[in-house]
$ cat run.cif   # mmCIF, C-alpha atoms
data_my_file
loop_
_atom_site.group_PDB
_atom_site.id
_atom_site.type_symbol
_atom_site.label_atom_id
_atom_site.label_comp_id
_atom_site.auth_asym_id
_atom_site.auth_seq_id
_atom_site.Cartn_x
_atom_site.Cartn_y
_atom_site.Cartn_z
ATOM 1 C CA MET A 1 -277.743 -5.755 102.990
ATOM 2 C CA GLN A 2 -276.196 -2.565 104.385
ATOM 3 C CA GLY A 3 -273.661 -2.488 101.535
ATOM 4 C CA MET A 4 -276.510 -2.932 99.054
ATOM 5 C CA SER A 5 -278.443 0.062 100.428
ATOM 6 C CA ARG A 6 -275.324 2.251 100.142
ATOM 7 C CA MET A 7 -274.844 1.169 96.517
ATOM 8 C CA VAL A 8 -278.483 1.892 95.665
ATOM 9 C CA GLY A 9 -278.270 5.271 97.417
ATOM 10 C CA ARG A 10 -275.114 6.184 95.485
ATOM 11 C CA ALA A 11 -276.702 5.085 92.208
ATOM 12 C CA ILE A 12 -279.701 7.332 92.843
ATOM 13 C CA VAL A 13 -277.487 10.322 93.674
ATOM 14 C CA ALA A 14 -275.290 9.670 90.622
ATOM 15 C CA SER A 15 -278.307 9.460 88.344
ATOM 16 C CA VAL A 16 -279.653 12.903 89.295
ATOM 17 C CA PHE A 17 -276.389 14.837 89.746
ATOM 18 C CA VAL A 18 -275.579 16.914 86.651
ATOM 19 C CA VAL A 19 -272.880 19.574 86.266
ATOM 20 C CA ALA A 20 -273.245 22.298 83.629
ATOM 21 C CA ALA A 21 -270.133 23.754 82.011
ATOM 22 C CA ALA A 22 -269.304 27.430 82.460
ATOM 23 C CA SER A 23 -269.659 29.830 79.550
ATOM 24 C CA ALA A 24 -266.537 31.013 77.750
ATOM 25 C CA GLN A 25 -266.784 34.715 76.814
ATOM 26 C CA THR A 26 -264.799 35.915 73.787
ATOM 27 C CA THR A 27 -264.228 39.284 72.117
ATOM 28 C CA THR A 28 -263.607 39.036 68.371
ATOM 29 C CA THR A 29 -262.411 41.816 66.077
ATOM 30 C CA TRP A 30 -263.071 41.958 62.339
ATOM 31 C CA SER A 31 -259.766 42.673 60.560
ATOM 32 C CA GLY A 32 -261.270 43.420 57.161
ATOM 33 C CA LEU A 33 -259.147 40.586 55.714
ATOM 34 C CA GLU A 34 -261.594 37.761 56.428
ATOM 35 C CA PRO A 35 -262.828 35.549 53.589
ATOM 36 C CA THR A 36 -266.164 36.518 52.046
ATOM 37 C CA MET A 37 -269.140 34.632 50.668
ATOM 38 C CA THR A 38 -271.797 35.815 48.209
ATOM 39 C CA SER A 39 -274.780 34.432 50.119
ATOM 40 C CA ARG A 40 -275.755 34.089 53.754
ATOM 41 C CA LEU A 41 -278.434 32.309 55.755
ATOM 42 C CA PHE A 42 -281.872 33.893 55.904
ATOM 43 C CA ARG A 43 -282.567 35.410 59.347
ATOM 44 C CA ASP A 44 -285.916 33.841 60.221
ATOM 45 C CA GLY A 45 -286.031 35.202 63.793
ATOM 46 C CA SER A 46 -286.143 31.711 65.335
ATOM 47 C CA PRO A 47 -283.029 30.601 67.212
ATOM 48 C CA SER A 48 -282.318 26.872 67.003
ATOM 49 C CA VAL A 49 -283.328 24.817 70.047
ATOM 50 C CA PRO A 50 -281.535 21.660 71.259
ATOM 51 C CA GLY A 51 -283.352 18.378 70.816
ATOM 52 C CA THR A 52 -285.594 19.662 68.015
ATOM 53 C CA ALA A 53 -285.365 19.519 64.227
ATOM 54 C CA ASN A 54 -283.712 22.697 62.978
ATOM 55 C CA PRO A 55 -284.727 23.094 59.328
ATOM 56 C CA PHE A 56 -282.357 24.868 56.956
ATOM 57 C CA PRO A 57 -283.678 28.471 56.688
ATOM 58 C CA GLY A 58 -282.616 29.123 53.098
ATOM 59 C CA THR A 59 -280.181 31.723 51.800
ATOM 60 C CA VAL A 60 -280.090 35.367 50.754
ATOM 61 C CA ASP A 61 -277.810 36.549 47.928
ATOM 62 C CA GLU A 62 -275.250 39.193 48.908
ATOM 63 C CA PRO A 63 -273.686 40.589 45.681
ATOM 64 C CA ASP A 64 -271.169 42.702 47.649
ATOM 65 C CA GLY A 65 -270.231 39.698 49.786
ATOM 66 C CA VAL A 66 -270.285 39.202 53.553
ATOM 67 C CA SER A 67 -267.278 38.462 55.750
ATOM 68 C CA TYR A 68 -267.121 35.371 57.928
ATOM 69 C CA GLN A 69 -264.961 33.818 60.638
ATOM 70 C CA THR A 70 -264.992 30.217 61.845
ATOM 71 C CA PHE A 71 -264.387 28.753 65.305
ATOM 72 C CA THR A 72 -263.971 24.997 65.819
ATOM 73 C CA PHE A 73 -265.083 23.150 68.956
ATOM 74 C CA VAL A 74 -265.136 19.481 69.973
ATOM 75 C CA ASN A 75 -267.806 18.036 72.245
ATOM 76 C CA PRO A 76 -265.757 17.191 75.372
ATOM 77 C CA ASN A 77 -268.191 14.436 76.328
ATOM 78 C CA ALA A 78 -268.515 10.902 74.990
ATOM 79 C CA THR A 79 -272.302 11.303 75.025
ATOM 80 C CA ALA A 80 -274.577 13.768 73.245
ATOM 81 C CA SER A 81 -274.382 17.303 74.659
ATOM 82 C CA ASN A 82 -276.014 20.632 73.914
ATOM 83 C CA PHE A 83 -273.843 23.366 72.381
ATOM 84 C CA PHE A 84 -275.016 26.931 73.041
ATOM 85 C CA ALA A 85 -273.741 30.227 71.606
ATOM 86 C CA GLY A 86 -274.988 33.804 71.800
ATOM 87 C CA PHE A 87 -273.982 37.424 71.312
ATOM 88 C CA LEU A 88 -273.483 39.788 74.251
ATOM 89 C CA ARG A 89 -272.771 42.984 72.274
ATOM 90 C CA ALA A 90 -271.544 44.139 68.875
ATOM 91 C CA SER A 91 -270.062 47.453 67.727
ATOM 92 C CA ALA A 92 -271.411 47.168 64.184
ATOM 93 C CA LEU A 93 -272.114 44.837 61.244
ATOM 94 C CA LEU A 94 -274.972 42.866 62.828
ATOM 95 C CA PRO A 95 -273.119 39.561 63.320
ATOM 96 C CA PHE A 96 -275.001 36.300 62.756
ATOM 97 C CA PHE A 97 -274.122 32.792 64.014
ATOM 98 C CA SER A 98 -274.587 29.388 62.394
ATOM 99 C CA LEU A 99 -273.314 25.939 63.382
ATOM 100 C CA TYR A 100 -272.066 23.096 61.167
ATOM 101 C CA LEU A 101 -271.111 19.491 61.863
ATOM 102 C CA GLY A 102 -267.476 18.703 61.079
ATOM 103 C CA SER A 103 -266.751 21.336 58.428
ATOM 104 C CA PHE A 104 -268.078 24.519 56.812
ATOM 105 C CA ASP A 105 -268.383 25.119 53.060
ATOM 106 C CA ALA A 106 -269.027 28.799 52.211
ATOM 107 C CA GLY A 107 -270.188 27.713 48.735
ATOM 108 C CA ASN A 108 -272.840 25.317 50.107
ATOM 109 C CA LEU A 109 -274.416 26.660 53.279
ATOM 110 C CA ALA A 110 -276.832 23.718 53.516
ATOM 111 C CA ALA A 111 -274.026 21.128 53.790
ATOM 112 C CA ASN A 112 -273.557 19.942 57.399
ATOM 113 C CA TYR A 113 -275.964 22.629 58.722
ATOM 114 C CA LEU A 114 -277.037 22.100 62.359
ATOM 115 C CA GLY A 115 -278.657 25.393 63.431
ATOM 116 C CA ASP A 116 -278.351 29.173 63.745
ATOM 117 C CA SER A 117 -278.988 32.210 65.939
ATOM 118 C CA GLY A 118 -282.100 33.207 63.977
ATOM 119 C CA ASN A 119 -281.228 36.897 64.282
ATOM 120 C CA SER A 120 -278.341 39.337 64.479
ATOM 121 C CA CYS A 121 -277.798 42.297 66.766
ATOM 122 C CA ILE A 122 -275.938 45.563 67.349
ATOM 123 C CA GLY A 123 -275.037 47.205 70.670
ATOM 124 C CA ALA A 124 -275.539 45.670 74.106
ATOM 125 C CA VAL A 125 -279.306 46.204 74.348
ATOM 126 C CA SER A 126 -280.337 44.458 71.128
ATOM 127 C CA CYS A 127 -277.730 41.705 71.618
ATOM 128 C CA ASN A 128 -279.131 40.928 75.057
ATOM 129 C CA ALA A 129 -282.568 40.658 73.454
ATOM 130 C CA VAL A 130 -281.242 38.030 71.015
ATOM 131 C CA THR A 131 -281.353 34.796 72.953
ATOM 132 C CA GLU A 132 -278.630 32.224 72.579
ATOM 133 C CA PHE A 133 -279.232 29.337 70.236
ATOM 134 C CA GLY A 134 -278.496 25.699 70.918
ATOM 135 C CA VAL A 135 -278.024 22.413 69.113
ATOM 136 C CA THR A 136 -277.654 18.837 70.370
ATOM 137 C CA VAL A 137 -274.304 17.424 69.218
ATOM 138 C CA ALA A 138 -273.189 13.770 69.229
ATOM 139 C CA GLY A 139 -270.484 12.696 71.677
ATOM 140 C CA ASN A 140 -266.916 13.757 70.764
ATOM 141 C CA ALA A 141 -268.197 15.377 67.533
ATOM 142 C CA THR A 142 -266.492 18.420 65.990
ATOM 143 C CA VAL A 143 -268.606 21.480 65.197
ATOM 144 C CA VAL A 144 -267.759 24.697 63.352
ATOM 145 C CA LEU A 145 -269.341 27.919 64.597
ATOM 146 C CA VAL A 146 -269.549 30.546 61.832
ATOM 147 C CA ALA A 147 -269.935 34.267 62.527
ATOM 148 C CA ASN A 148 -270.760 36.344 59.479
ATOM 149 C CA THR A 149 -271.595 39.963 58.736
ATOM 150 C CA VAL A 150 -274.900 40.916 57.156
ATOM 151 C CA ASP A 151 -275.330 43.034 53.984
ATOM 152 C CA PHE A 152 -271.655 43.942 53.386
ATOM 153 C CA PRO A 153 -268.079 42.832 54.200
ATOM 154 C CA ALA A 154 -266.160 43.938 57.285
ATOM 155 C CA GLU A 155 -263.873 46.940 56.913
ATOM 156 C CA GLY A 156 -261.849 46.199 60.048
ATOM 157 C CA GLY A 157 -261.873 47.316 63.656
ATOM 158 C CA GLU A 158 -265.455 46.311 64.454
ATOM 159 C CA THR A 159 -265.875 43.923 67.377
ATOM 160 C CA PHE A 160 -268.443 41.553 68.807
ATOM 161 C CA VAL A 161 -268.538 39.854 72.191
ATOM 162 C CA TRP A 162 -270.019 36.379 72.408
ATOM 163 C CA GLN A 163 -270.099 33.291 74.547
ATOM 164 C CA GLN A 164 -270.377 29.567 74.030
ATOM 165 C CA ARG A 165 -270.887 26.639 76.371
ATOM 166 C CA TRP A 166 -271.586 22.918 76.489
ATOM 167 C CA ALA A 167 -274.353 21.492 78.687
ATOM 168 C CA PRO A 168 -275.655 17.979 79.255
ATOM 169 C CA ALA A 169 -278.365 16.942 76.817
ATOM 170 C CA THR A 170 -281.680 16.473 78.584
ATOM 171 C CA VAL A 171 -282.736 12.878 78.322
ATOM 172 C CA VAL A 172 -286.267 11.726 79.111
ATOM 173 C CA PRO A 173 -285.926 8.559 81.201
ATOM 174 C CA GLU A 174 -287.539 5.345 80.023
ATOM 175 C CA PRO A 175 -290.368 3.946 82.212
ATOM 176 C CA SER A 176 -288.048 1.092 83.200
ATOM 177 C CA THR A 177 -285.645 3.650 84.703
ATOM 178 C CA TYR A 178 -288.424 4.985 86.933
ATOM 179 C CA ALA A 179 -289.314 1.407 87.911
ATOM 180 C CA LEU A 180 -285.683 0.713 88.846
ATOM 181 C CA LEU A 181 -285.477 3.902 90.934
ATOM 182 C CA ALA A 182 -288.760 3.046 92.665
ATOM 183 C CA THR A 183 -287.494 -0.471 93.446
ATOM 184 C CA GLY A 184 -284.303 0.997 94.899
ATOM 185 C CA PHE A 185 -286.287 3.452 97.003
ATOM 186 C CA VAL A 186 -288.523 0.652 98.332
ATOM 187 C CA ALA A 187 -285.397 -1.360 99.195
ATOM 188 C CA LEU A 188 -283.938 1.612 101.086
ATOM 189 C CA VAL A 189 -287.174 2.070 103.046
ATOM 190 C CA ALA A 190 -287.248 -1.651 103.913
ATOM 191 C CA VAL A 191 -283.641 -1.559 105.143
ATOM 192 C CA ALA A 192 -284.354 1.538 107.237
ATOM 193 C CA ARG A 193 -287.414 -0.111 108.841
ATOM 194 C CA ARG A 194 -285.409 -3.248 109.661
ATOM 195 C CA ARG A 195 -282.761 -1.178 111.403
ATOM 196 C CA ARG A 196 -285.364 0.475 113.618
ATOM 197 C CA ALA A 197 -286.961 -2.850 114.598
#

$ encode --input "run.cif" --output "structure tokens"
Amino acid sequence: MQGMSRMVGRAIVASVFVVAAASAQTTTTWSGLEPTMTSRLFRDGSPSVPGTANPFPGTVDEPDGVSYQTFTFVNPNATASNFFAGFLRASALLPFFSLYLGSFDAGNLAANYLGDSGNSCIGAVSCNAVTEFGVTVAGNATVVLVANTVDFPAEGGETFVWQQRWAPATVVPEPSTYALLATGFVALVAVARRRRA
């Protein structure tokens, strides 16, 4: 019985112990040689939130073109995880983020769309006001983070500082999980009372 109470105790600790990954901060410079696209996502002011439906916001035509860069990440976990990204500061060009599952097609911004930052920023003050956005991503899935300029292409030399991180997806336990935990707790209490007697 003593071995059983240790196993139940370890199972309870394992079920509530969660470790969040640290953020990776990156400084990116626009070279002026990046590819361009003739439309961009509409900035609706609503950053995507993990675990919710993130509707495609629509596009805005940009006749002069906007520059973009892509960054590929793979969910390091076998289970669903939340991917977060956000700007810390930008020297110019109001960068904007969007996230795509598997691949990015500059000619079809709706294809594989997962979510976006909702807004762009310039300087440290306005970038800090733009909250990070997040999307729930399937286990081991590949995502493409796209940073694009707004209104015109990059000329080169402008920078933006950003960060990205993975975090465990919040799962709401089933009622049966609570029942199992309660049963384990009752068993631990019974074992403890027997030891005292």

$ residues_around --input "run.cif" --residues "A:Ser48" --least-positions-apart "2" --cutoff "6 Å" --atoms "all atoms listed in the file" --output "JSON, numbers by chain"
{"A": [54, 115, 116, 133, 134]}

$ residues_around --input "run.cif" --residues "A:Phe104" --least-positions-apart "5" --cutoff "12 Å" --atoms "all atoms listed in the file" --output "list in words"
Met37, Tyr68, Gln69, Thr70, Phe71, Thr72, Ser98, Leu99, Leu109, Ala110, Ala111, Asn112, Tyr113, Leu114, Thr142, Val143, Val144, Leu145, Val146 and Ala147 of chain A

$ closest_atom_pairs --input "run.cif" --of "stretch 35-149 of chain A" --to "stretch 156-162 of chain A" --cutoff "9 Å" --atoms "all atoms listed in the file" --output "Markdown table"
| residue | atom | partner | partner_atom | distance |
| --- | --- | --- | --- | --- |
| A:Ala85 | CA | A:Trp162 | CA | 7.2 |
| A:Gly86 | CA | A:Trp162 | CA | 5.6 |
| A:Phe87 | CA | A:Trp162 | CA | 4.2 |
| A:Leu88 | CA | A:Trp162 | CA | 5.2 |
| A:Arg89 | CA | A:Val161 | CA | 5.3 |
| A:Ala90 | CA | A:Phe160 | CA | 4.0 |
| A:Ser91 | CA | A:Thr159 | CA | 5.5 |
| A:Ala92 | CA | A:Glu158 | CA | 6.0 |
| A:Leu93 | CA | A:Glu158 | CA | 7.5 |
| A:Leu94 | CA | A:Phe160 | CA | 8.9 |
| A:Pro95 | CA | A:Phe160 | CA | 7.5 |
| A:Ile122 | CA | A:Phe160 | CA | 8.6 |
| A:Gly123 | CA | A:Phe160 | CA | 8.9 |

$ residues_around --input "run.cif" --residues "stretch 76-83 of chain A" --least-positions-apart "6" --cutoff "7 Å" --atoms "only C-alpha atoms" --output "PyMOL selection string"
chain A and resi 50+134-140+165-169

$ resolve_selection --input "run.cif" --expression "the PyMOL selection byres ((chain A and resi 38) around 8)" --output "list in words"
Thr36, Met37, Ser39, Arg40, Asp61, Glu62, Pro63, Asp64, Gly65 and Val66 of chain A

$ axis_aligned_box --input "run.cif" --around "stretch 79-88 of chain A" --padding-each-side "4 Å" --output "AutoDock Vina command-line options"
--center_x -274.2 --center_y 25.5 --center_z 73.2 --size_x 11.7 --size_y 36.5 --size_z 11.7

$ atom_distance --input "run.cif" --atom1 "atom CA of A:Ala24" --atom2 "atom CA of A:Phe96"
18.0 Å

$ closest_residue --input "run.cif" --among "A:Val60, A:Ala106, A:Cys121, A:Ala197" --to "A:Phe42" --atoms "all atoms listed in the file"
A:Val60

$ atom_distance --input "run.cif" --atom1 "atom CA of A:Ser46" --atom2 "atom CA of A:Gly58"
13.0 Å

$ atom_distance --input "run.cif" --atom1 "atom CA of A:Glu132" --atom2 "atom CA of A:Leu41"
16.8 Å

$ resolve_selection --input "run.cif" --expression "the PyMOL selection byres ((chain A and resi 154) around 7)" --output "JSON, numbers by chain"
{"A": [30, 32, 67, 149, 152, 153, 155, 156]}

$ residues_around --input "run.cif" --residues "A:Arg43" --least-positions-apart "2" --cutoff "6 Å" --atoms "all atoms listed in the file" --output "number ranges by chain"
A: 45, 118-119
